[in-house]
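As provided, entry_32.cif (mmCIF, C-alpha atoms) reads as follows.
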data_target
loop_
_atom_site.group_PDB
_atom_site.id
_atom_site.type_symbol
_atom_site.label_atom_id
_atom_site.label_comp_id
_atom_site.auth_asym_id
_atom_site.auth_seq_id
_atom_site.Cartn_x
_atom_site.Cartn_y
_atom_site.Cartn_z
ATOM 1 C CA MET Z 1 23.890 -37.821 -66.269
ATOM 2 C CA LEU Z 2 22.707 -35.261 -63.697
ATOM 3 C CA ASP Z 3 19.187 -33.846 -63.991
ATOM 4 C CA SER Z 4 19.524 -30.230 -65.187
ATOM 5 C CA SER Z 5 16.325 -29.233 -63.389
ATOM 6 C CA TYR Z 6 18.251 -28.657 -60.153
ATOM 7 C CA LEU Z 7 21.591 -27.548 -61.589
ATOM 8 C CA GLU Z 8 22.796 -24.056 -62.477
ATOM 9 C CA GLN Z 9 22.895 -22.919 -66.091
ATOM 10 C CA THR Z 10 24.643 -20.364 -68.266
ATOM 11 C CA VAL Z 11 24.281 -19.357 -71.901
ATOM 12 C CA ALA Z 12 25.874 -21.846 -74.278
ATOM 13 C CA SER Z 13 27.638 -19.162 -76.339
ATOM 14 C CA VAL Z 14 28.049 -15.405 -76.671
ATOM 15 C CA ILE Z 15 24.881 -13.440 -77.512
ATOM 16 C CA GLU Z 16 25.078 -9.932 -78.975
ATOM 17 C CA PHE Z 17 22.499 -7.135 -78.878
ATOM 18 C CA SER Z 18 22.525 -3.567 -80.119
ATOM 19 C CA GLY Z 19 20.018 -0.782 -79.605
ATOM 20 C CA ILE Z 20 19.403 2.410 -77.668
ATOM 21 C CA GLY Z 21 18.658 3.132 -74.043
ATOM 22 C CA LEU Z 22 15.012 3.882 -73.265
ATOM 23 C CA HIS Z 23 15.788 6.845 -71.029
ATOM 24 C CA SER Z 24 19.230 7.967 -72.208
ATOM 25 C CA GLY Z 25 18.541 7.564 -75.912
ATOM 26 C CA ALA Z 26 22.202 6.608 -76.290
ATOM 27 C CA PRO Z 27 23.355 3.773 -78.584
ATOM 28 C CA VAL Z 28 24.621 0.694 -76.777
ATOM 29 C CA GLN Z 29 26.281 -2.570 -77.693
ATOM 30 C CA MET Z 30 25.728 -5.450 -75.292
ATOM 31 C CA ARG Z 31 27.031 -9.007 -75.097
ATOM 32 C CA LEU Z 32 25.991 -11.883 -72.841
ATOM 33 C CA LEU Z 33 28.910 -14.188 -72.088
ATOM 34 C CA PRO Z 34 28.944 -17.637 -70.458
ATOM 35 C CA ALA Z 35 30.062 -17.429 -66.825
ATOM 36 C CA PRO Z 36 31.401 -20.016 -64.352
ATOM 37 C CA ALA Z 37 29.031 -21.784 -61.975
ATOM 38 C CA GLY Z 38 28.377 -19.825 -58.805
ATOM 39 C CA SER Z 39 29.246 -16.439 -60.288
ATOM 40 C CA GLY Z 40 25.693 -15.125 -60.675
ATOM 41 C CA VAL Z 41 24.827 -12.205 -62.946
ATOM 42 C CA VAL Z 42 27.605 -9.631 -63.317
ATOM 43 C CA PHE Z 43 27.388 -6.442 -65.377
ATOM 44 C CA ARG Z 44 30.631 -5.218 -66.961
ATOM 45 C CA ARG Z 45 31.137 -1.686 -68.331
ATOM 46 C CA THR Z 46 33.557 -2.178 -71.229
ATOM 47 C CA ASP Z 47 33.782 1.596 -71.671
ATOM 48 C CA LEU Z 48 35.102 1.940 -68.106
ATOM 49 C CA ASP Z 49 38.009 -0.511 -68.018
ATOM 50 C CA ASN Z 50 35.665 -3.485 -67.626
ATOM 51 C CA PHE Z 51 34.371 -2.275 -64.266
ATOM 52 C CA GLU Z 52 32.015 -4.909 -62.812
ATOM 53 C CA ILE Z 53 28.796 -4.593 -60.842
ATOM 54 C CA PRO Z 54 27.150 -7.781 -59.525
ATOM 55 C CA ALA Z 55 23.357 -7.839 -59.841
ATOM 56 C CA THR Z 56 22.559 -7.966 -56.127
ATOM 57 C CA GLY Z 57 20.376 -5.994 -53.776
ATOM 58 C CA ARG Z 58 23.305 -4.234 -52.128
ATOM 59 C CA ASN Z 59 24.094 -2.488 -55.422
ATOM 60 C CA VAL Z 60 20.614 -1.062 -56.089
ATOM 61 C CA ALA Z 61 20.796 2.641 -56.924
ATOM 62 C CA LYS Z 62 18.104 5.317 -56.945
ATOM 63 C CA VAL Z 63 14.995 3.798 -58.473
ATOM 64 C CA SER Z 64 12.291 5.708 -60.354
ATOM 65 C CA TYR Z 65 11.149 4.691 -63.827
ATOM 66 C CA ALA Z 66 13.711 1.902 -64.103
ATOM 67 C CA THR Z 67 15.894 -0.266 -61.886
ATOM 68 C CA SER Z 68 19.522 0.805 -61.708
ATOM 69 C CA LEU Z 69 22.637 -0.604 -60.085
ATOM 70 C CA MET Z 70 25.583 1.411 -58.810
ATOM 71 C CA ARG Z 71 28.972 0.548 -57.359
ATOM 72 C CA GLN Z 72 31.690 3.106 -56.626
ATOM 73 C CA SER Z 73 29.693 5.741 -58.533
ATOM 74 C CA VAL Z 74 29.510 3.589 -61.687
ATOM 75 C CA LEU Z 75 25.956 3.155 -62.949
ATOM 76 C CA ILE Z 76 24.081 0.441 -64.839
ATOM 77 C CA SER Z 77 20.497 1.402 -65.688
ATOM 78 C CA THR Z 78 17.293 -0.304 -66.846
ATOM 79 C CA THR Z 79 18.294 -3.823 -65.847
ATOM 80 C CA GLU Z 80 14.846 -5.245 -65.112
ATOM 81 C CA HIS Z 81 13.894 -6.758 -68.489
ATOM 82 C CA LEU Z 82 17.116 -8.743 -68.878
ATOM 83 C CA LEU Z 83 17.094 -9.887 -65.247
ATOM 84 C CA SER Z 84 13.487 -10.993 -65.644
ATOM 85 C CA ALA Z 85 14.343 -13.074 -68.709
ATOM 86 C CA LEU Z 86 17.311 -14.657 -66.926
ATOM 87 C CA ILE Z 87 15.172 -15.735 -63.971
ATOM 88 C CA GLY Z 88 12.255 -16.754 -66.156
ATOM 89 C CA MET Z 89 14.387 -18.963 -68.382
ATOM 90 C CA GLY Z 90 16.687 -20.358 -65.699
ATOM 91 C CA VAL Z 91 19.974 -18.624 -66.533
ATOM 92 C CA ASP Z 92 21.932 -18.462 -63.267
ATOM 93 C CA ASN Z 93 25.353 -17.283 -64.370
ATOM 94 C CA VAL Z 94 26.203 -14.738 -67.053
ATOM 95 C CA ILE Z 95 28.497 -11.781 -67.698
ATOM 96 C CA VAL Z 96 26.689 -8.834 -69.263
ATOM 97 C CA GLU Z 97 29.077 -6.581 -71.163
ATOM 98 C CA LEU Z 98 27.876 -3.176 -72.321
ATOM 99 C CA ASP Z 99 29.574 -0.030 -73.561
ATOM 100 C CA ASN Z 100 27.235 2.510 -71.994
ATOM 101 C CA LEU Z 101 25.317 3.084 -68.779
ATOM 102 C CA GLU Z 102 21.933 1.739 -69.945
ATOM 103 C CA LEU Z 103 20.833 -1.569 -71.399
ATOM 104 C CA PRO Z 104 19.123 -1.412 -74.815
ATOM 105 C CA ILE Z 105 15.342 -1.277 -74.628
ATOM 106 C CA LEU Z 106 14.927 -3.470 -77.752
ATOM 107 C CA ASP Z 107 11.167 -3.948 -78.295
ATOM 108 C CA GLY Z 108 10.255 -2.987 -74.718
ATOM 109 C CA SER Z 109 9.771 -6.569 -73.568
ATOM 110 C CA ALA Z 110 11.889 -9.581 -72.559
ATOM 111 C CA LEU Z 111 11.020 -11.542 -75.684
ATOM 112 C CA PRO Z 112 14.249 -10.763 -77.624
ATOM 113 C CA TYR Z 113 16.249 -12.246 -74.731
ATOM 114 C CA VAL Z 114 14.100 -15.366 -74.536
ATOM 115 C CA GLU Z 115 14.370 -15.920 -78.271
ATOM 116 C CA ALA Z 116 18.148 -15.513 -78.086
ATOM 117 C CA PHE Z 117 18.409 -18.062 -75.253
ATOM 118 C CA GLN Z 118 16.330 -20.505 -77.245
ATOM 119 C CA GLN Z 119 18.479 -19.980 -80.330
ATOM 120 C CA VAL Z 120 21.894 -20.536 -78.721
ATOM 121 C CA GLY Z 121 20.760 -22.876 -75.957
ATOM 122 C CA LEU Z 122 21.710 -23.094 -72.297
ATOM 123 C CA LYS Z 123 24.609 -25.004 -70.816
ATOM 124 C CA THR Z 124 24.043 -27.063 -67.676
ATOM 125 C CA GLN Z 125 26.712 -26.658 -65.006
ATOM 126 C CA ARG Z 126 27.754 -29.142 -62.341
ATOM 127 C CA ARG Z 127 26.637 -27.084 -59.380
ATOM 128 C CA ARG Z 128 23.334 -27.366 -57.549
ATOM 129 C CA ARG Z 129 21.158 -24.295 -57.790
ATOM 130 C CA GLU Z 130 20.409 -22.514 -54.510
ATOM 131 C CA TYR Z 131 16.946 -21.078 -53.906
ATOM 132 C CA LEU Z 132 15.846 -18.390 -51.482
ATOM 133 C CA GLN Z 133 13.010 -20.162 -49.701
ATOM 134 C CA ILE Z 134 10.633 -17.794 -47.924
ATOM 135 C CA GLN Z 135 10.069 -18.675 -44.265
ATOM 136 C CA LYS Z 136 7.777 -15.875 -43.124
ATOM 137 C CA THR Z 137 5.784 -12.904 -44.408
ATOM 138 C CA VAL Z 138 7.631 -9.748 -45.464
ATOM 139 C CA GLU Z 139 5.592 -6.743 -46.657
ATOM 140 C CA VAL Z 140 6.072 -3.158 -47.827
ATOM 141 C CA ARG Z 141 3.154 -0.700 -47.782
ATOM 142 C CA GLU Z 142 2.862 2.859 -49.041
ATOM 143 C CA GLY Z 143 -0.639 4.317 -48.849
ATOM 144 C CA ASP Z 144 -2.849 2.222 -51.109
ATOM 145 C CA LYS Z 145 0.196 0.541 -52.671
ATOM 146 C CA PHE Z 146 1.406 -2.784 -51.390
ATOM 147 C CA ILE Z 147 3.793 -5.668 -52.042
ATOM 148 C CA GLY Z 148 4.489 -8.760 -49.977
ATOM 149 C CA VAL Z 149 6.205 -12.130 -50.155
ATOM 150 C CA TYR Z 150 4.934 -15.232 -48.354
ATOM 151 C CA PRO Z 151 5.903 -18.867 -47.856
ATOM 152 C CA GLY Z 152 4.585 -21.068 -50.633
ATOM 153 C CA GLU Z 153 5.382 -23.757 -53.150
ATOM 154 C CA GLY Z 154 7.047 -22.917 -56.442
ATOM 155 C CA TYR Z 155 7.356 -19.260 -57.398
ATOM 156 C CA SER Z 156 4.023 -17.529 -57.971
ATOM 157 C CA VAL Z 157 3.450 -13.834 -58.664
ATOM 158 C CA SER Z 158 0.099 -12.058 -58.429
ATOM 159 C CA TYR Z 159 -0.173 -8.411 -59.499
ATOM 160 C CA GLN Z 160 -3.021 -5.854 -59.551
ATOM 161 C CA ILE Z 161 -2.755 -2.494 -61.333
ATOM 162 C CA ASP Z 162 -5.106 0.472 -61.617
ATOM 163 C CA PHE Z 163 -4.330 3.080 -64.289
ATOM 164 C CA PRO Z 164 -6.425 5.732 -66.033
ATOM 165 C CA ALA Z 165 -8.457 4.706 -69.078
ATOM 166 C CA PRO Z 166 -8.029 2.923 -71.348
ATOM 167 C CA ILE Z 167 -6.072 0.557 -69.060
ATOM 168 C CA GLY Z 168 -8.200 0.590 -65.919
ATOM 169 C CA ARG Z 169 -7.880 -2.159 -63.348
ATOM 170 C CA GLN Z 170 -6.144 -5.382 -64.380
ATOM 171 C CA GLY Z 171 -4.884 -8.413 -62.506
ATOM 172 C CA PHE Z 172 -2.689 -11.334 -63.434
ATOM 173 C CA THR Z 173 -1.259 -14.345 -61.630
ATOM 174 C CA VAL Z 174 1.489 -16.603 -62.924
ATOM 175 C CA ASP Z 175 3.231 -19.636 -61.492
ATOM 176 C CA LEU Z 176 6.686 -20.019 -62.972
ATOM 177 C CA ALA Z 177 6.373 -23.743 -62.324
ATOM 178 C CA THR Z 178 4.266 -23.888 -65.492
ATOM 179 C CA ARG Z 179 7.387 -23.092 -67.553
ATOM 180 C CA ASN Z 180 5.315 -20.602 -69.526
ATOM 181 C CA TYR Z 181 7.380 -17.470 -68.858
ATOM 182 C CA GLY Z 182 8.373 -17.244 -72.512
ATOM 183 C CA LEU Z 183 4.747 -17.389 -73.653
ATOM 184 C CA GLN Z 184 2.845 -15.630 -70.866
ATOM 185 C CA ILE Z 185 5.208 -12.919 -69.599
ATOM 186 C CA ALA Z 186 8.200 -12.250 -71.872
ATOM 187 C CA PRO Z 187 6.278 -10.672 -74.810
ATOM 188 C CA ALA Z 188 4.564 -8.019 -72.637
ATOM 189 C CA ARG Z 189 5.932 -4.553 -73.482
ATOM 190 C CA THR Z 190 6.523 -1.453 -71.411
ATOM 191 C CA PHE Z 191 3.946 1.302 -71.860
ATOM 192 C CA GLY Z 192 3.291 4.995 -71.334
ATOM 193 C CA PHE Z 193 0.794 7.781 -71.960
ATOM 194 C CA LYS Z 194 1.392 10.261 -74.769
ATOM 195 C CA GLU Z 195 0.267 13.122 -72.548
ATOM 196 C CA ASP Z 196 3.125 12.413 -70.126
ATOM 197 C CA GLU Z 197 5.810 12.386 -72.822
ATOM 198 C CA GLN Z 198 6.968 15.997 -72.599
ATOM 199 C CA MET Z 199 7.045 15.991 -68.807
ATOM 200 C CA LEU Z 200 9.180 12.841 -68.780
ATOM 201 C CA ARG Z 201 11.512 14.178 -71.461
ATOM 202 C CA ASN Z 202 11.958 17.349 -69.396
ATOM 203 C CA MET Z 203 13.025 15.069 -66.532
ATOM 204 C CA GLY Z 204 15.694 13.512 -68.757
ATOM 205 C CA LEU Z 205 13.706 10.314 -69.296
ATOM 206 C CA ILE Z 206 12.366 8.301 -72.285
ATOM 207 C CA ARG Z 207 14.708 9.997 -74.770
ATOM 208 C CA GLY Z 208 14.960 6.710 -76.658
ATOM 209 C CA VAL Z 209 11.279 5.796 -76.701
ATOM 210 C CA SER Z 210 9.548 4.978 -79.987
ATOM 211 C CA GLU Z 211 6.491 3.140 -81.177
ATOM 212 C CA SER Z 212 8.701 0.099 -81.776
ATOM 213 C CA SER Z 213 9.932 -0.021 -78.172
ATOM 214 C CA ALA Z 214 6.815 0.698 -76.084
ATOM 215 C CA ILE Z 215 3.025 0.732 -76.115
ATOM 216 C CA ILE Z 216 1.911 4.345 -76.528
ATOM 217 C CA LEU Z 217 -1.501 5.313 -75.147
ATOM 218 C CA THR Z 218 -3.884 8.246 -75.135
ATOM 219 C CA LYS Z 219 -7.129 8.468 -73.200
ATOM 220 C CA HIS Z 220 -8.843 7.251 -76.350
ATOM 221 C CA GLY Z 221 -6.863 4.037 -76.727
ATOM 222 C CA VAL Z 222 -3.632 2.435 -77.931
ATOM 223 C CA VAL Z 223 -1.786 4.451 -80.588
ATOM 224 C CA ASN Z 224 0.418 1.650 -81.914
ATOM 225 C CA GLY Z 225 -1.649 -1.504 -81.586
ATOM 226 C CA PRO Z 226 -2.474 -4.258 -81.675
ATOM 227 C CA LEU Z 227 -1.729 -5.439 -78.148
ATOM 228 C CA ARG Z 228 -0.018 -8.784 -77.724
ATOM 229 C CA PHE Z 229 -2.416 -9.604 -74.862
ATOM 230 C CA ASP Z 230 -5.658 -7.963 -73.748
ATOM 231 C CA ASP Z 231 -4.005 -7.536 -70.335
ATOM 232 C CA GLU Z 232 -0.506 -6.780 -71.624
ATOM 233 C CA PHE Z 233 -0.093 -3.883 -69.178
ATOM 234 C CA VAL Z 234 -0.338 -5.936 -65.998
ATOM 235 C CA ARG Z 235 1.707 -8.725 -67.539
ATOM 236 C CA HIS Z 236 4.505 -6.233 -68.116
ATOM 237 C CA LYS Z 237 4.349 -5.209 -64.450
ATOM 238 C CA VAL Z 238 4.775 -8.895 -63.567
ATOM 239 C CA LEU Z 239 7.763 -9.004 -65.940
ATOM 240 C CA ASP Z 240 9.313 -6.016 -64.159
ATOM 241 C CA LEU Z 241 8.671 -7.496 -60.729
ATOM 242 C CA ILE Z 242 10.336 -10.803 -61.596
ATOM 243 C CA GLY Z 243 13.375 -8.861 -62.819
ATOM 244 C CA ASP Z 244 13.561 -6.647 -59.754
ATOM 245 C CA LEU Z 245 13.242 -9.597 -57.370
ATOM 246 C CA ALA Z 246 16.173 -11.233 -59.161
ATOM 247 C CA LEU Z 247 18.292 -8.775 -57.179
ATOM 248 C CA ALA Z 248 17.739 -11.023 -54.169
ATOM 249 C CA GLY Z 249 20.571 -12.989 -55.752
ATOM 250 C CA HIS Z 250 18.677 -16.277 -55.944
ATOM 251 C CA GLN Z 251 15.494 -17.613 -57.428
ATOM 252 C CA ILE Z 252 12.658 -17.373 -54.908
ATOM 253 C CA LEU Z 253 10.586 -20.205 -53.526
ATOM 254 C CA GLY Z 254 7.441 -18.468 -52.323
ATOM 255 C CA ARG Z 255 4.407 -16.414 -53.245
ATOM 256 C CA VAL Z 256 4.587 -12.716 -54.195
ATOM 257 C CA VAL Z 257 1.561 -10.402 -54.191
ATOM 258 C CA ALA Z 258 1.639 -6.779 -55.429
ATOM 259 C CA GLU Z 259 -1.000 -4.051 -55.624
ATOM 260 C CA ARG Z 260 -0.185 -0.881 -57.585
ATOM 261 C CA ALA Z 261 3.503 -1.220 -56.746
ATOM 262 C CA GLY Z 262 6.470 -0.161 -58.877
ATOM 263 C CA HIS Z 263 10.246 -0.441 -59.136
ATOM 264 C CA ALA Z 264 10.889 1.457 -55.904
ATOM 265 C CA MET Z 265 8.604 -0.822 -53.887
ATOM 266 C CA HIS Z 266 9.887 -3.948 -55.643
ATOM 267 C CA THR Z 267 13.462 -3.182 -54.655
ATOM 268 C CA ALA Z 268 12.399 -2.007 -51.183
ATOM 269 C CA LEU Z 269 10.943 -5.478 -50.668
ATOM 270 C CA VAL Z 270 14.236 -7.041 -51.739
ATOM 271 C CA ALA Z 271 16.139 -4.862 -49.257
ATOM 272 C CA LYS Z 272 13.739 -5.630 -46.410
ATOM 273 C CA LEU Z 273 13.772 -9.332 -47.200
ATOM 274 C CA LEU Z 274 17.550 -9.624 -47.318
ATOM 275 C CA LYS Z 275 17.897 -7.618 -44.103
ATOM 276 C CA ASP Z 276 15.692 -10.041 -42.156
ATOM 277 C CA ARG Z 277 17.752 -13.213 -42.108
ATOM 278 C CA SER Z 278 14.969 -15.090 -40.310
ATOM 279 C CA ALA Z 279 12.592 -14.533 -43.251
ATOM 280 C CA TRP Z 280 14.343 -16.951 -45.591
ATOM 281 C CA LYS Z 281 16.858 -19.732 -45.942
ATOM 282 C CA LEU Z 282 18.946 -20.993 -48.829
ATOM 283 C CA VAL Z 283 18.044 -24.473 -50.021
ATOM 284 C CA THR Z 284 19.407 -26.643 -52.798
ATOM 285 C CA ALA Z 285 17.532 -29.179 -54.879
ATOM 286 C CA THR Z 286 19.075 -32.641 -54.910
ATOM 287 C CA PRO Z 287 18.014 -35.897 -56.588
ATOM 288 C CA GLU Z 288 16.259 -36.820 -53.338
ATOM 289 C CA LYS Z 289 14.701 -33.393 -52.807
ATOM 290 C CA THR Z 290 13.310 -33.256 -56.329
ATOM 291 C CA LYS Z 291 10.697 -35.692 -55.042
ATOM 292 C CA SER Z 292 9.433 -32.810 -52.924
ATOM 293 C CA LYS Z 293 6.743 -30.822 -54.715
ATOM 294 C CA THR Z 294 8.081 -27.500 -53.423
ATOM 295 C CA VAL Z 295 11.541 -27.877 -54.874
ATOM 296 C CA SER Z 296 10.822 -29.925 -57.961
ATOM 297 C CA THR Z 297 8.132 -27.681 -59.396
ATOM 298 C CA ALA Z 298 10.194 -24.553 -58.829
ATOM 299 C CA ALA Z 299 13.282 -26.079 -60.339
ATOM 300 C CA ALA Z 300 11.442 -27.451 -63.340
ATOM 301 C CA SER Z 301 9.892 -24.085 -64.003
ATOM 302 C CA LEU Z 302 13.204 -22.441 -64.675
ATOM 303 C CA VAL Z 303 14.706 -24.751 -67.250
ATOM 304 C CA THR Z 304 14.388 -24.095 -70.945
ATOM 305 C CA ALA Z 305 11.910 -26.473 -72.533
#
Would you encode the structure as structure tokens?
Amino acid sequence: MLDSSYLEQTVASVIEFSGIGLHSGAPVQMRLLPAPAGSGVVFRRTDLDNFEIPATGRNVAKVSYATSLMRQSVLISTTEHLLSALIGMGVDNVIVELDNLELPILDGSALPYVEAFQQVGLKTQRRRREYLQIQKTVEVREGDKFIGVYPGEGYSVSYQIDFPAPIGRQGFTVDLATRNYGLQIAPARTFGFKEDEQMLRNMGLIRGVSESSAIILTKHGVVNGPLRFDDEFVRHKVLDLIGDLALAGHQILGRVVAERAGHAMHTALVAKLLKDRSAWKLVTATPEKTKSKTVSTAAASLVTA
């Protein structure tokens, strides 16, 4: 029997979700369907004759408070939490059906997805997983904001944030080779300040926000505690980053460092990385290569325990 640690995976059966979009406030029904090996992640708008949008960097749309995909003027919005869970739990191939333009926000984290994967299980496929192995430094800078990707073993992410009180400055580093995505990253929820609510609503955003789908803050503290982690805010930024980097189309072998970045810079890094063909190469893990620390630890990190 082949070792699943270097083979692609899909969900073992159909998974259904229902909820509302964080920004649109619209109700949405979503299903995750098993997909053939090599197909990647494909979004399908069932309300638009099953129009499909692959989750790749070339389909990234305008990015502000969420990551959106667009193809032929058809939009899919707020993809980052699901994509993060797929990468974090080692789901390579899946069809994502939804009947509206935005994915449901659920509880504001990736935990509902992880729990669903654990409940139905993952199916190993007879195709070796390809990884995007970083060969040289690629960076994006914007004033005091920064994000870069570097050669390295496994897939590590280090993030620093600096927000007004009560958040302040927080940092977090995770190595997905520890297989602790479901415990360390997935439960971290999105967050926002109460004082910004009206401004964002006037911009057509956060129409579906509630205390059950986000951490709400004032300058005095958390309105709807308790927090799941003392540093839940930076962990959620790591969650977002993992999801946005999934748009590279492959799991990364390398080291990512971010300082006060956001969705726009995350996806700008993906675009810059994919444009520079000398910055990476595709590698596959084989029974022989799994003896190599670089490949084996990364592969092991992305398989459901």
Residues near Z:Ala66, cut-off 12 Å, only C-alpha atoms, skip fewer than 5 positions along chain, as a list in words: Gly21, Leu22, His23, Ser24, Val60, Ala61, Ile76, Ser77, Thr78, Thr79, Glu80, His81, Glu102, Leu103, Ile105, Thr190, Leu205, Ile206, Lys237, Asp240, Leu241, Gly243, Asp244, Gly262, His263, Ala264, Met265, His266 and Thr267 of chain Z
Nearby residues (all atoms listed in the file) at most 6 Å from stretch 146-161 of chain Z, same-chain spacing under 3 positions excluded, as a ChimeraX atom specification: /Z:134-141,169-177,253-261,294,297-298
Selection result of the PyMOL selection byres ((chain Z and resi 188) around 9) on this file, as a compact mmCIF listing (two decimals) with C-alpha atoms, keeping the file's coordinate frame:
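result00.txt, freshly written:
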# COMPACT_ATOMS: atom_id res chain seq x y z
CA GLY Z 108 10.26 -2.99 -74.72
CA SER Z 109 9.77 -6.57 -73.57
CA ALA Z 110 11.89 -9.58 -72.56
CA LEU Z 111 11.02 -11.54 -75.68
CA GLN Z 184 2.84 -15.63 -70.87
CA ILE Z 185 5.21 -12.92 -69.60
CA ALA Z 186 8.20 -12.25 -71.87
CA PRO Z 187 6.28 -10.67 -74.81
CA ARG Z 189 5.93 -4.55 -73.48
CA THR Z 190 6.52 -1.45 -71.41
CA LEU Z 227 -1.73 -5.44 -78.15
CA ARG Z 228 -0.02 -8.78 -77.72
CA PHE Z 229 -2.42 -9.60 -74.86
CA ASP Z 231 -4.00 -7.54 -70.33
CA GLU Z 232 -0.51 -6.78 -71.62
CA PHE Z 233 -0.09 -3.88 -69.18
CA VAL Z 234 -0.34 -5.94 -66.00
CA ARG Z 235 1.71 -8.72 -67.54
CA HIS Z 236 4.50 -6.23 -68.12
CA LYS Z 237 4.35 -5.21 -64.45
CA LEU Z 239 7.76 -9.00 -65.94
Selected residue, from Z:Ile215, Z:Leu183, Z:Leu273, Z:Val120, that lies nearest to Z:Ile167 when counting only C-alpha atoms: Z:Ile215
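Each of Z:Ser13, Z:Tyr65, Z:Arg179, Z:Thr218 was checked against Z:Gly204 using only C-alpha atoms; the smallest atom-to-atom distance is that of Z:Tyr65.
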Evaluated on this file, the PyMOL selection byres ((chain Z and resi 33) around 6) picks out some residues - which ones are they, written as a PDB file with C-alpha atoms, keeping the file's coordinate frame?
ATOM      1  CA  VAL Z  14      28.049 -15.405 -76.671  1.00  0.00           C
ATOM      2  CA  LEU Z  32      25.991 -11.883 -72.841  1.00  0.00           C
ATOM      3  CA  PRO Z  34      28.944 -17.637 -70.458  1.00  0.00           C
ATOM      4  CA  VAL Z  94      26.203 -14.738 -67.053  1.00  0.00           C
ATOM      5  CA  ILE Z  95      28.497 -11.781 -67.698  1.00  0.00           C
TER       6      ILE Z  95
END
Polymer residues at most 12 Å from (19.3, -16.1, -73.2) by all atoms listed in the file, as a VMD selection string: chain Z and resid 9 to 17 31 to 34 81 to 96 110 to 123 182 186 303 to 304
Option closest in space to Z:Val74, from Z:Ala37, Z:Ala271, Z:Ala55, Z:Leu101 [counting all atoms listed in the file]: Z:Leu101
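The smallest atom-to-atom distance between Z:Tyr181 and any of Z:Met70, Z:Val283, Z:Ile242, Z:Met203, using all atoms listed in the file, is found for Z:Ile242.
In this model, the gap between atom CA of Z:Gly225 and atom CA of Z:Ser68 comes to 29.1 Å.
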Atom-to-atom span, atom CA of Z:Asn59 and atom CA of Z:Gln125, Å: 26.1 Å
Picked residues, the PyMOL selection byres ((chain Z and resi 53) around 7), as a ChimeraX atom specification: /Z:42-44,51-52,54-55,71
Computed interatomic separation between atom CA of Z:Arg126 and atom CA of Z:Glu97 (Å): 24.3 Å
Nearest candidate to Z:Phe163 (options Z:Ile20, Z:Tyr131, Z:Leu200, Z:Leu217; using all atoms listed in the file): Z:Leu217
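For the set Z:Ala165, Z:Leu48, Z:Val41, Z:Met30, the residue with the smallest atom-to-atom gap to Z:Leu106 is Z:Met30, counting all atoms listed in the file.
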Contacts of Z:Ser18 within 7 Å, all atoms listed in the file, excl. fewer than 3 positions in-chain, as a list in words: Val28, Gln29, Met30 and Pro104 of chain Z
